[in-house]
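Here the structure is laid out as structure tokens; the discussion comes afterwards.
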There are 4 protein chains.
Amino acid sequence: MKKSSVKVAVVGASGYSGEELVRLLLSHPQAELRAVTSRQMTGQTLAQVFPRFGQFAAARQLRFSQPNVELLAKEAEIVFLALPHGVAAEFAAPLLQLGCQVIDLSADFRLRSAMAYKEFYGQDHAAPELLAKSVYGLPELYRSTIKSASLIACPGCYPTSILLPILPLLKANLIKETGMIANSLSAVSGAGKKVEADYLFVECNESVRPYGIPKHRHLSEIEQELTLTAGQPVVIQFSPHLIPINRGILSTLYLAPHKHFATTGEMNALGEQIRSCYDAAYGKEPFVRVLEGKALPDTKNVFGTNMIEIAWRLDQRTGRLVVMSALDNIVKGASGQAVQCFNILCGFEETHGLI
Amino acid sequence: MKKSSVKVAVVGASGYSGEELVRLLLSHPQAELRAVTSRQMTGQTLAQVFPRFGQFAAARQLRFSQPNVELLAKEAEIVFLALPHGVAAEFAAPLLQLGCQVIDLSADFRLRSAMAYKEFYGQDHAAPELLAKSVYGLPELYRSTIKSASLIACPGCYPTSILLPILPLLKANLIKETGMIANSLSAVSGAGKKVEADYLFVECNESVRPYGIPKHRHLSEIEQELTLTAGQPVVIQFSPHLIPINRGILSTLYLAPHKHFATTGEMNALGEQIRSCYDAAYGKEPFVRVLEGKALPDTKNVFGTNMIEIAWRLDQRTGRLVVMSALDNIVKGASGQAVQCFNILCGFEETHGLI
Amino acid sequence: MKKSSVKVAVVGASGYSGEELVRLLLSHPQAELRAVTSRQMTGQTLAQVFPRFGQFAAARQLRFSQPNVELLAKEAEIVFLALPHGVAAEFAAPLLQLGCQVIDLSADFRLRSAMAYKEFYGQDHAAPELLAKSVYGLPELYRSTIKSASLIACPGCYPTSILLPILPLLKANLIKETGMIANSLSAVSGAGKKVEADYLFVECNESVRPYGIPKHRHLSEIEQELTLTAGQPVVIQFSPHLIPINRGILSTLYLAPHKHFATTGEMNALGEQIRSCYDAAYGKEPFVRVLEGKALPDTKNVFGTNMIEIAWRLDQRTGRLVVMSALDNIVKGASGQAVQCFNILCGFEETHGLI
Amino acid sequence: MKKSSVKVAVVGASGYSGEELVRLLLSHPQAELRAVTSRQMTGQTLAQVFPRFGQFAAARQLRFSQPNVELLAKEAEIVFLALPHGVAAEFAAPLLQLGCQVIDLSADFRLRSAMAYKEFYGQDHAAPELLAKSVYGLPELYRSTIKSASLIACPGCYPTSILLPILPLLKANLIKETGMIANSLSAVSGAGKKVEADYLFVECNESVRPYGIPKHRHLSEIEQELTLTAGQPVVIQFSPHLIPINRGILSTLYLAPHKHFATTGEMNALGEQIRSCYDAAYGKEPFVRVLEGKALPDTKNVFGTNMIEIAWRLDQRTGRLVVMSALDNIVKGASGQAVQCFNILCGFEETHGLI
């Protein structure tokens, strides 16, 4: 489909991802934001709830409403779900039936297996029949299927920061499928707008801490995608940490190249292969920046953008390949990636509203 | 030796470690701070340079002087060096000759090999004859030799956070010597009081970034100590990162147990061995806290203290042992550990001035 | 009274002030902490609830209990109340009757008038008969009455930062009683450990905001003390703001000297009077530091200490006196000041456990 | 003039304001960025110096050049100067002569009096003849003269935060010209990208401090504009403070209404006048948001935007009017306002590239 403008709605717009999604849609030249829902905020305008949106005329008009599937389907062609997992699935099914396309930011449609969902999310899936239909919304990998999807499951923030650096290497068979480690650091916004003592300013400032070790929920989608790409079961070690910043994820990945590189010559040859691999995969991607020279990723370089930064180093001493990535967990890790999928789905310029 | 009070001096007291060392010595019941030196600050009182020390009478009296070896030896029995590497070695030799004991916070006397020093620090060692004499100031490991040392080389902040969790496991032969990874996160104070653009507030706040990858200087002492303990050459992957906090290091270590633990029973049995190992090593250590239950290390729990927190998890999915540690990089990672060594050296209660 | 050691208890020890109070008491050489209460934490040890206290043997033993007045009176001679206002008053009365001395950190006994209490705190006072008995625990002002008090009401954090700089000037009749303004900036811990969205990390980081304008509760005690000192009713403008730090209050005070100082000579003469005034008032105070030369207060210089920093500037252009102060809101603004009062009450060295 | 696109250059693009200006111009639909200069960065592309601009194709092409007036005049119709004061004046004169229009972000052309310049900036003005020609670039006040200016002096960050709230009240004669106080809090970026110890992360984090009291340079332009509006000399008290955030200024203003408002009725009547006054002044301004109800300004609500938030409170107890404002010091306080002036100058939609 190719249109000048598409009517959209955001369900559950009061969390951090919902807020950023609304911001992106308000300034998107081809999105017409027709409805935003939030049980808590019903009746208030977007500008009242989020003062910083006051500069947008639309935000001074549009009021939060109760989430009502029929009304949403009447107002919008494409509905974004920024809901907790479990809840999203309940909205997706009727919306799809009413003819909407759905872009879901929750974890509900990321997994192909309802069993894996139950293992990692601790509850039965509310709409398992939709899992086969859903497309994993990682544009760099699934661009062509996203184009014709009716249900898009946007990847998690951690998985995006881990999969984009690894997948091309795995596909090119440059690294082993075994022994991978992802050590990740996330901004506090990654926890969502949860009003819990753990996320109070005083508890987070001057605090750095691991959590969810060794089996965080995001492992399920990370391993699913690695497995699909590798063509064989992949298990990865994943260690998330909380750090005192508002936005950003920094992942440091420890990978084992197939080739040994005992000499500098061998290392350089392998380095050339890795460079080519990334260049082939991402040379033309608008939102992937593979760093050159001495530069290393830094979350401040991607703050507020839809970009992921990637750098890599071969370590002759250990024989390992260390890959590092940085992204904004709420933009490329959530809402920006959702808008990128939206652009693809609508046949718009993929960078529209994102640069 | 056993005394009621010992005369001490601090050379190079204007950096972050020097400042904290002075703070600890000012409130130490058995240390008499007789001299502090700093070329830049000469003539000013401690309280003028560090307003927060104004509450100590001694800090309102004691003035910074030019570093002069003879005068230092006259004033102090034990001299702390909080100088940049390279410079420390130049002071240590004459001070030792003049009969002082030296506790050095720099990297100059941590390595046993002058060649390794040159490889990692890029310059010839200024006093290689002292390397054999120096004791690595990790109290939990070298307490008995520290007692009778004349030259103590305090470990680096990263090495302390990595060695304390690993050494007991390695010694007990519970883990393999190969494939170890240390992913470490450091406060900005770890860079010292360097007036460089990279460490400006605006450049660090909302920024998280790796650096010094894959061959940071601290590798040299980490591998030296691992090798000594293992009785065979050990190579480790070490990835430092800078995070926006004032104080703290969080290290996440990926280790390979010798034993496979395919079943939960095997995992529990191995867990029991690890627990016993740590308990034997650290059960009575005043500054090592091995966490139990669901607790994980958090830099805010060790802020301003000489404590290191350690927790570990076995991952049945990957067969790995993940160990995490947190310490205050300027206290247990530098000045607090130096005072702990000082207490041992003087025969004082080891926790004196530190709790 | 003069003792080697005094038995104490802390009621409501799970908030920020309670936690810091416990820390100070654990390391106080003459306090024996016998009981800590918290409904939520009952049964857990201090070290379990506050891991950073793990270094204190006592903290690994002592368990939180339910607040029970009889048991408290049995265990402790002096009971600290770190409870919300309203609740503190309910504990104070029976504790006093059972013979304990009470040091209250809440607002319940700061005001002499039950009517003012109702106006500012919106509820009837639970023990109005005690108001006349209570002593306002500002040691620099009320040291001699604190000595023999049975009920001490520790001042609020803002009031401490405002009263200490103003009172000597007012007493010396150097400034007018009218037109005073206090513009204050507080750390987020000033809000207590309230689990509300406003105090989440993401909502506070990169945020600076006024609140409670123009009639914050602390006005009541500020004006009460100014009025008592001036001998006539004083009204002051007070504007609190929230800033993203863990600890600290910075108050900037705008005052009108009685004297005009049109010439530099007049300004210098007035300056000399102000200097003398502060010197007379605070020259020997262990916890008040009046800055000289170009130095201005900085919260980082008082972080974790019981010190207040004060500096002042005469402005010839406007005819005003600008006085600035910095303190740690949880130490000098709450728990440290409470311990200072405790020391006075017990006849201990006033700086004991605080330097 | 009315064009589809205008060629622009930025001189001195490596500081914080220069960087943000470049960002705004890169995404401005009608600005064509033709040259950026920086002595230090010459030869590097914008994307190399500022990795976060890598997403803009133009930033991957455009290289920093040496500042050369002739080349600048050849490339650009409008030249932005983001230079230190003193240096800017040296560039402005020849650029104007060569037919460029100049938008200066420094302090060089803000003052009408070369004598005041010398008093506050400590040096002779390099091009005093241009002072009469320059227009103070506060769009809300000088929109019509900006339209036809050849030299625009963008206001300082503090002055913008102070003048916008006060000017309408002063013009409407609602407040007295005497006794005004501005207490302002600034992000660390307000100091520029100065590599000095005072602005290191560790020195700023957990630090809040006044500076430049009582006579900061920005007083000169604040008082100039207040004086022009009042039609009589105005003196104001101005106290800047540094707080640990990246972006933002929060100003709290203490003003004296002409009218007494002893009763609530009088207060409400006066409140109505103030509301009307602001509504008349700013009701249609795209970048001024006067808050209603209980809302108070918060720097996080204006982060990264060109908006200023204003709220006010009448205090019946003191008879004062307290006005608070928040803006992003680098956007509305510098580069955003410069682009707003650019839009006016070019006859573009004033919000272009800013919303």
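Within each chain, counting starts at residue 1; across the structure tokens, chains are named A, B, ... in the order shown, with ligands numbered 1 upward in that order.
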
task: Please identify all polymer residues within 7 Å of stretch 63-66 of chain D, counting only C-alpha atoms, omitting same-chain residues fewer than 3 positions from it, and present them as a list in words.
output: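 My reading of the contact set: Val36, Thr37, Ser38, Arg39, Met41, Thr42, Gly43, Gln44, Thr45 and Leu46 of chain D.
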
task: Quick one: pick out all helix (DSSP H, G or I) residues within stretch 135-264 of chain A from a backbone DSSP run and write them as a ChimeraX atom specification.
output: /A:139-147,157-171,188-191,197-199,201-204,219-230,264

message: Tell me as a ChimeraX atom specification which residues belonging to chain D come within 12 Å of chain A, counting only C-alpha atoms.
response: /D:23-24,26-29,47-57,60,202,205-206,245-246,284-310,326-328,351-355

message: Residues within 9 Å of A:Val87, please, as a PyMOL selection string. Count only C-alpha atoms; anything in the same chain fewer than 5 positions from it doesn't count.
response: chain A and resi 106+108+126

query: Which neighbours of stretch 315-319 of chain A fall inside 8 Å, counting only C-alpha atoms, when residues of the same chain fewer than 3 positions from it are skipped, and could you give them as a list in words?
result: Ala256, Pro257, His260, Phe261, Ala262, Thr263, Thr264, Met267 and Val322 of chain A; Gly179, Pro214, Val235, Ile236 and Gln237 of chain B

task: Select from stretch 3-226 of chain B everything DSSP, run on the backbone, classes as strand (DSSP E or B), then give the selection as an MDAnalysis selection string.
output: chainID B and resid 6:11 31:37 45 63:65 78:81 101:104 135:136 151:153 175 180:186 200 209:210

- request: One decimal, Å: what's the distance from atom CA of A:Lys74 over to atom CA of A:Phe109, could you say?
  value: 23.5 Å

Residues of stretch 93-176 of chain B at most 9 Å from stretch 181-186 of chain B: nearest atom pair and distance in Å, only C-alpha atoms, as CSV:
```
residue,atom,partner,partner_atom,distance
B:Cys157,CA,B:Ser186,CA,9.0
B:Tyr158,CA,B:Ser184,CA,7.3
B:Ser161,CA,B:Ser184,CA,8.5
B:Ile162,CA,B:Ala182,CA,7.0
```

Restricting it to C-alpha atoms, dump the selection as an mmCIF file, in the first residue's frame.
```cif
data_model
loop_
_atom_site.group_PDB
_atom_site.id
_atom_site.type_symbol
_atom_site.label_atom_id
_atom_site.label_comp_id
_atom_site.auth_asym_id
_atom_site.auth_seq_id
_atom_site.Cartn_x
_atom_site.Cartn_y
_atom_site.Cartn_z
ATOM 1 C CA CYS B 157 40.887 -1.341 41.382
ATOM 2 C CA TYR B 158 39.842 -3.636 38.541
ATOM 3 C CA SER B 161 37.342 -6.749 41.856
ATOM 4 C CA ILE B 162 38.357 -9.648 39.623
#
```

message: Please list as a list in words every residue within 10 Å of B:Asn68, counting only C-alpha atoms and excluding residues in the same chain fewer than 4 positions away.
response: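 Skipping anything fewer than 4 positions along the chain leaves Val11, Thr37, Leu72, Ala73, Phe91 and Leu95 of chain B.
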
Residues just named, written with C-alpha atoms as a PDB file, in the first residue's frame:
```
ATOM      1  CA  VAL B  11      53.098  11.768  48.601  1.00  0.00           C
ATOM      2  CA  THR B  37      52.931  16.609  49.379  1.00  0.00           C
ATOM      3  CA  LEU B  72      59.609  12.734  54.312  1.00  0.00           C
ATOM      4  CA  ALA B  73      61.936  10.185  55.849  1.00  0.00           C
ATOM      5  CA  PHE B  91      60.409   7.913  45.189  1.00  0.00           C
ATOM      6  CA  LEU B  95      62.651   6.263  50.796  1.00  0.00           C
TER       7      LEU B  95
END
```

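The interatomic distance for the pair atom CA of D:Tyr282 and atom CA of D:Ile166 works out to 12.1 Å.
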
query: Which residues come within 8 Å of C:Leu21, counting only C-alpha atoms, excluding same-chain residues fewer than 5 positions away, as number ranges by chain?
result: C: 13, 335-336, 338-339

Keeping only all heavy atoms, write the selected residues to a file as an mmCIF file, in the first residue's frame.
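Once everything was written out, this is part_19.cif:
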```
data_model
loop_
_atom_site.group_PDB
_atom_site.id
_atom_site.type_symbol
_atom_site.label_atom_id
_atom_site.label_comp_id
_atom_site.auth_asym_id
_atom_site.auth_seq_id
_atom_site.Cartn_x
_atom_site.Cartn_y
_atom_site.Cartn_z
ATOM 1 N N ALA C 13 13.034 2.630 61.366
ATOM 2 C CA ALA C 13 14.408 2.733 60.888
ATOM 3 C C ALA C 13 14.553 2.384 59.419
ATOM 4 O O ALA C 13 15.651 2.164 58.947
ATOM 5 C CB ALA C 13 15.299 1.837 61.738
ATOM 6 N N SER C 335 19.707 13.177 60.664
ATOM 7 C CA SER C 335 20.234 12.170 61.594
ATOM 8 C C SER C 335 21.505 12.613 62.302
ATOM 9 O O SER C 335 21.723 12.273 63.466
ATOM 10 C CB SER C 335 20.494 10.870 60.827
ATOM 11 O OG SER C 335 19.347 10.535 60.089
ATOM 12 N N GLY C 336 22.375 13.312 61.598
ATOM 13 C CA GLY C 336 23.604 13.775 62.223
ATOM 14 C C GLY C 336 23.287 14.772 63.326
ATOM 15 O O GLY C 336 23.842 14.720 64.437
ATOM 16 N N ALA C 338 20.595 14.880 64.950
ATOM 17 C CA ALA C 338 19.989 14.110 66.043
ATOM 18 C C ALA C 338 21.073 13.505 66.934
ATOM 19 O O ALA C 338 20.942 13.496 68.163
ATOM 20 C CB ALA C 338 19.084 13.012 65.474
ATOM 21 N N VAL C 339 22.123 12.989 66.318
ATOM 22 C CA VAL C 339 23.215 12.410 67.105
ATOM 23 C C VAL C 339 23.969 13.510 67.857
ATOM 24 O O VAL C 339 24.395 13.322 69.000
ATOM 25 C CB VAL C 339 24.165 11.596 66.194
ATOM 26 C CG1 VAL C 339 25.424 11.184 66.941
ATOM 27 C CG2 VAL C 339 23.442 10.364 65.650
#
```

- request: Can you pull out every residue within 7 Å of A:His218, counting only C-alpha atoms, but drop anything in the same chain fewer than 4 positions away, and send it as a count of residues only?
  value: 4
